[in-house]
Amino acid sequence: MIQVNLRSLKEPLGLMRIGASFFTCLTFSLAATAQVFASNPYWAWCMFTWCFCFIFTLTIVVMEFTTFSTKVPFSWEDFTSAFAMLASLMCLAASIIYPTFFTCTVCHRAISATVISWLCFITYTAEVVYTRLLPRGQVSGFLSTIPGIMKMLEAFLACLIFTSLETNQYQRFSGLQWCVAVYSLCFIFAIVIILLSVTQLTKHFPLNFDFVAIAYNVLSALMYVTVMVIWPLYSFRNNARPPDCGRLCPWDKLVFVTFMAIFNTIVYTLDSIYTVRLVFFNRVVSE
């Protein structure tokens, strides 16, 4: 029998989630009716961000209202806290990307969508702060730990890289194809680690999962270091920015991918250092 929890709608978290649902729905509605380049990957990324956040936020509200959240086989607080972090990152990226490419002085709907997108980011950030600072919001699941947050950030940056990749840009050189392979492999394994950790299947892993995660982090960091060198070397060699390169210029996408690869290299390096310290040095101290 379904039970309802009216209190979940009146609490600060419930109100923030209802507000986030309203803002994300309004944002993608305005953006969908604005006169923009609907076939552009950046537009698709922004629309996906707002739709994804709206659907998941509304699902969270409904599940808590119907108390189905108490029956899930994983840590519900860990999941909602991690989702709020991810949603805040995605809305931040969309709030920067969308006005950069799709607004103008007379694009009133696009400007309105940008303003409300920033409200989405503020709402999700407020939820993150609220759940992290108050004692009732302290959670201990994987996604709320530093390694979990870094894994989400690594996957998020990889998604931004994928939105900027164009087939004709990396098919010419094997070095660039290696870079795309690195982006893809590291992203896939990051998602696998997140899923295994959230579903608590790591204890059934045939090997020591901590050591596997460390090996993955170190290898990914080394692979991204090669990408950080190879991608700009092949992308910008004898390839200056065209003088007629305006908005949505393919050359600018190469620059964007370069910076995202550098950021992800830093994240993977920090993740490697932290996990090595956590597994080896803390274990030595405890012994």
# chains A, B, ... in the order shown; residues from 1 in each chain; ligands from 1

$ select_by_dssp --residues "region 139-216 of chain A" --states "helix (DSSP H, G or I)" --output "ChimeraX atom specification"
/A:142-144,146-164,167-170,174-198,202-204,209-216

$ residues_around --residues "region 99-112 of chain A" --least-positions-apart "6" --cutoff "6 Å" --atoms "only C-alpha atoms" --output "list in words"
Leu30, Ala31 and Ala34 of chain A

$ write_last_selection --atoms "N, CA and C atoms" --output "compact mmCIF listing (two decimals), in the first residue's frame"
# COMPACT_ATOMS: atom_id res chain seq x y z
N LEU A 30 11.84 27.47 -22.43
CA LEU A 30 12.24 28.72 -23.09
C LEU A 30 13.31 28.46 -24.14
N ALA A 31 14.29 27.62 -23.81
CA ALA A 31 15.37 27.35 -24.77
C ALA A 31 14.85 26.60 -25.99
N ALA A 34 13.29 29.10 -28.37
CA ALA A 34 14.16 30.18 -28.87
C ALA A 34 14.71 29.80 -30.24

$ residues_around --residues "Ala155 (chain A)" --least-positions-apart "4" --cutoff "8 Å" --atoms "only C-alpha atoms" --output "PyMOL selection string"
chain A and resi 151+159+187+190-191

$ write_last_selection --atoms "all heavy atoms" --output "mmCIF file, in the first residue's frame"
data_model
loop_
_atom_site.group_PDB
_atom_site.id
_atom_site.type_symbol
_atom_site.label_atom_id
_atom_site.label_comp_id
_atom_site.auth_asym_id
_atom_site.auth_seq_id
_atom_site.Cartn_x
_atom_site.Cartn_y
_atom_site.Cartn_z
ATOM 1 N N LYS A 151 35.306 11.029 -9.000
ATOM 2 C CA LYS A 151 34.853 10.157 -10.096
ATOM 3 C C LYS A 151 33.743 10.845 -10.893
ATOM 4 O O LYS A 151 33.704 10.784 -12.125
ATOM 5 C CB LYS A 151 34.363 8.827 -9.548
ATOM 6 C CG LYS A 151 35.460 7.850 -9.201
ATOM 7 C CD LYS A 151 36.106 7.309 -10.458
ATOM 8 C CE LYS A 151 37.376 6.535 -10.141
ATOM 9 N NZ LYS A 151 38.486 7.412 -9.709
ATOM 10 N N CYS A 159 32.275 14.125 -20.439
ATOM 11 C CA CYS A 159 31.063 14.426 -21.205
ATOM 12 C C CYS A 159 31.202 15.763 -21.939
ATOM 13 O O CYS A 159 30.779 15.899 -23.096
ATOM 14 C CB CYS A 159 29.851 14.453 -20.280
ATOM 15 S SG CYS A 159 29.339 12.836 -19.686
ATOM 16 N N PHE A 187 36.350 7.285 -19.305
ATOM 17 C CA PHE A 187 34.959 7.588 -18.971
ATOM 18 C C PHE A 187 34.187 6.311 -18.648
ATOM 19 O O PHE A 187 33.464 6.237 -17.641
ATOM 20 C CB PHE A 187 34.301 8.313 -20.145
ATOM 21 C CG PHE A 187 32.816 8.496 -19.984
ATOM 22 C CD1 PHE A 187 32.310 9.447 -19.119
ATOM 23 C CD2 PHE A 187 31.927 7.710 -20.707
ATOM 24 C CE1 PHE A 187 30.932 9.605 -18.967
ATOM 25 C CE2 PHE A 187 30.559 7.870 -20.571
ATOM 26 C CZ PHE A 187 30.060 8.820 -19.688
ATOM 27 N N ALA A 190 35.277 4.870 -15.313
ATOM 28 C CA ALA A 190 34.814 5.711 -14.201
ATOM 29 C C ALA A 190 33.350 5.416 -13.889
ATOM 30 O O ALA A 190 32.961 5.306 -12.715
ATOM 31 C CB ALA A 190 35.006 7.181 -14.544
ATOM 32 N N ILE A 191 32.527 5.271 -14.930
ATOM 33 C CA ILE A 191 31.112 4.951 -14.736
ATOM 34 C C ILE A 191 30.963 3.573 -14.105
ATOM 35 O O ILE A 191 30.127 3.365 -13.206
ATOM 36 C CB ILE A 191 30.357 5.014 -16.076
ATOM 37 C CG1 ILE A 191 30.363 6.440 -16.633
ATOM 38 C CG2 ILE A 191 28.936 4.515 -15.908
ATOM 39 C CD1 ILE A 191 29.676 7.452 -15.734
#

$ residues_around --residues "Ser235 (chain A)" --least-positions-apart "6" --cutoff "10 Å" --atoms "only C-alpha atoms" --output "list in words"
Gln169, Tyr170, Phe173, Gly175, Leu176, Trp251, Leu254, Val255 and Thr258 of chain A

$ closest_residue --among "A:Thr57, A:Thr226, A:Ser95, A:Thr33" --to "Tyr124 (chain A)" --atoms "only C-alpha atoms"
A:Thr57

$ closest_atom_pairs --of "region 92-210 of chain A" --to "region 218-221 of chain A" --cutoff "10 Å" --atoms "only C-alpha atoms" --output "CSV"
residue,atom,partner,partner_atom,distance
A:Val182,CA,A:Ser220,CA,7.9
A:Tyr183,CA,A:Ser220,CA,9.4
A:Leu185,CA,A:Ser220,CA,8.8
A:Cys186,CA,A:Ser220,CA,6.3
A:Phe187,CA,A:Ser220,CA,9.7
A:Phe189,CA,A:Ser220,CA,9.6
A:Ala190,CA,A:Ser220,CA,9.8

$ write_last_selection --atoms "all heavy atoms" --output "short mmCIF file (atom, residue, chain, number, x, y, z; two decimals), in the first residue's frame"
data_model
loop_
_atom_site.label_atom_id
_atom_site.label_comp_id
_atom_site.auth_asym_id
_atom_site.auth_seq_id
_atom_site.Cartn_x
_atom_site.Cartn_y
_atom_site.Cartn_z
N VAL A 182 41.45 7.42 -25.16
CA VAL A 182 41.69 7.68 -23.74
C VAL A 182 40.45 8.29 -23.09
O VAL A 182 40.02 7.87 -22.01
CB VAL A 182 42.92 8.59 -23.55
CG1 VAL A 182 43.04 9.04 -22.09
CG2 VAL A 182 44.18 7.87 -23.98
N TYR A 183 39.89 9.31 -23.75
CA TYR A 183 38.67 9.93 -23.22
C TYR A 183 37.59 8.88 -23.00
O TYR A 183 36.92 8.86 -21.95
CB TYR A 183 38.13 10.99 -24.19
CG TYR A 183 39.09 12.10 -24.53
CD1 TYR A 183 39.09 12.68 -25.80
CD2 TYR A 183 39.99 12.60 -23.60
CE1 TYR A 183 39.96 13.71 -26.12
CE2 TYR A 183 40.86 13.62 -23.90
CZ TYR A 183 40.84 14.18 -25.19
OH TYR A 183 41.71 15.19 -25.51
N LEU A 185 37.76 5.38 -22.87
CA LEU A 185 38.06 4.30 -21.93
C LEU A 185 38.00 4.78 -20.49
O LEU A 185 37.40 4.11 -19.62
CB LEU A 185 39.45 3.71 -22.23
CG LEU A 185 39.58 2.88 -23.51
CD1 LEU A 185 41.03 2.50 -23.76
CD2 LEU A 185 38.72 1.62 -23.41
N CYS A 186 38.60 5.92 -20.22
CA CYS A 186 38.59 6.44 -18.84
C CYS A 186 37.16 6.76 -18.39
O CYS A 186 36.80 6.51 -17.24
CB CYS A 186 39.47 7.68 -18.74
SG CYS A 186 41.23 7.34 -18.97
N PHE A 187 36.35 7.29 -19.30
CA PHE A 187 34.96 7.59 -18.97
C PHE A 187 34.19 6.31 -18.65
O PHE A 187 33.46 6.24 -17.64
CB PHE A 187 34.30 8.31 -20.14
CG PHE A 187 32.82 8.50 -19.98
CD1 PHE A 187 32.31 9.45 -19.12
CD2 PHE A 187 31.93 7.71 -20.71
CE1 PHE A 187 30.93 9.60 -18.97
CE2 PHE A 187 30.56 7.87 -20.57
CZ PHE A 187 30.06 8.82 -19.69
N PHE A 189 35.29 3.35 -17.64
CA PHE A 189 35.72 2.72 -16.39
C PHE A 189 35.32 3.55 -15.17
O PHE A 189 35.04 2.99 -14.10
CB PHE A 189 37.22 2.48 -16.41
CG PHE A 189 37.62 1.26 -17.19
CD1 PHE A 189 38.15 1.36 -18.46
CD2 PHE A 189 37.44 0.00 -16.65
CE1 PHE A 189 38.50 0.25 -19.19
CE2 PHE A 189 37.79 -1.14 -17.36
CZ PHE A 189 38.32 -1.02 -18.64
N ALA A 190 35.28 4.87 -15.31
CA ALA A 190 34.81 5.71 -14.20
C ALA A 190 33.35 5.42 -13.89
O ALA A 190 32.96 5.31 -12.71
CB ALA A 190 35.01 7.18 -14.54
#

$ closest_residue --among "A:Ile96, A:Ala215, A:Leu9, A:Met152" --to "Thr67 (chain A)" --atoms "only C-alpha atoms"
A:Leu9

$ residues_around --residues "Phe68 (chain A)" --least-positions-apart "3" --cutoff "12 Å" --atoms "only C-alpha atoms" --output "compact mmCIF listing (two decimals) with C-alpha atoms, in the first residue's frame"
# COMPACT_ATOMS: atom_id res chain seq x y z
CA MET A 1 0.00 0.00 0.00
CA ILE A 2 1.31 3.43 -0.95
CA GLN A 3 1.93 5.84 1.90
CA VAL A 4 2.49 9.56 1.43
CA ASN A 5 4.83 11.83 3.30
CA THR A 59 11.50 11.62 -9.58
CA ILE A 60 13.27 12.26 -6.26
CA VAL A 61 10.39 14.47 -5.07
CA VAL A 62 7.78 11.84 -6.05
CA MET A 63 9.72 8.96 -4.48
CA GLU A 64 10.14 10.80 -1.19
CA PHE A 65 6.49 11.88 -1.22
CA LYS A 71 12.73 0.78 -0.26
CA VAL A 72 15.64 1.33 -2.66
CA PRO A 73 18.58 -1.11 -2.32
CA TRP A 76 19.14 7.18 -0.76

$ atom_distance --atom1 "CA of Tyr224 (chain A)" --atom2 "CA of Ser272 (chain A)"
12.4 Å

$ closest_residue --among "A:Phe48, A:Trp43, A:Phe83, A:Phe121" --to "Ser144 (chain A)" --atoms "only C-alpha atoms"
A:Phe83

$ residues_around --residues "Thr49 (chain A)" --least-positions-apart "2" --cutoff "12 Å" --atoms "only C-alpha atoms" --output "MDAnalysis selection string"
chainID A and resid 24:25 27:28 31 42:47 51:57 86:95 97:98 117 120:121 156 159:160

$ write_last_selection --atoms "C-alpha atoms" --output "short mmCIF file (atom, residue, chain, number, x, y, z; two decimals), in the first residue's frame"
data_model
loop_
_atom_site.label_atom_id
_atom_site.label_comp_id
_atom_site.auth_asym_id
_atom_site.auth_seq_id
_atom_site.Cartn_x
_atom_site.Cartn_y
_atom_site.Cartn_z
CA THR A 24 14.69 23.42 -15.04
CA CYS A 25 11.31 22.84 -16.70
CA THR A 27 14.53 26.80 -18.72
CA PHE A 28 14.33 24.02 -21.30
CA ALA A 31 15.37 27.35 -24.77
CA TYR A 42 26.35 22.47 -27.34
CA TRP A 43 22.64 23.21 -27.66
CA ALA A 44 21.90 19.50 -27.31
CA TRP A 45 24.11 19.33 -24.19
CA CYS A 46 22.31 22.26 -22.55
CA MET A 47 18.88 20.82 -23.37
CA CYS A 51 15.76 17.82 -19.08
CA PHE A 52 17.93 15.36 -17.15
CA CYS A 53 17.90 17.52 -14.02
CA PHE A 54 14.16 18.10 -14.27
CA ILE A 55 13.29 14.40 -14.67
CA PHE A 56 15.57 13.18 -11.88
CA THR A 57 14.64 15.97 -9.47
CA LEU A 86 26.24 16.59 -10.41
CA ALA A 87 23.22 18.75 -11.26
CA SER A 88 24.94 21.88 -9.95
CA LEU A 89 27.99 21.16 -12.13
CA MET A 90 25.86 20.47 -15.20
CA CYS A 91 23.74 23.60 -14.70
CA LEU A 92 26.88 25.69 -14.19
CA ALA A 93 28.31 24.43 -17.48
CA ALA A 94 24.99 24.98 -19.29
CA SER A 95 24.66 28.49 -17.81
CA ILE A 97 27.86 27.52 -22.59
CA TYR A 98 24.34 28.56 -23.59
CA SER A 117 19.51 28.43 -15.67
CA CYS A 120 18.86 26.31 -11.30
CA PHE A 121 22.55 26.30 -10.46
CA PHE A 156 31.43 15.10 -16.15
CA CYS A 159 31.06 14.43 -21.20
CA LEU A 160 32.01 18.04 -21.94
#
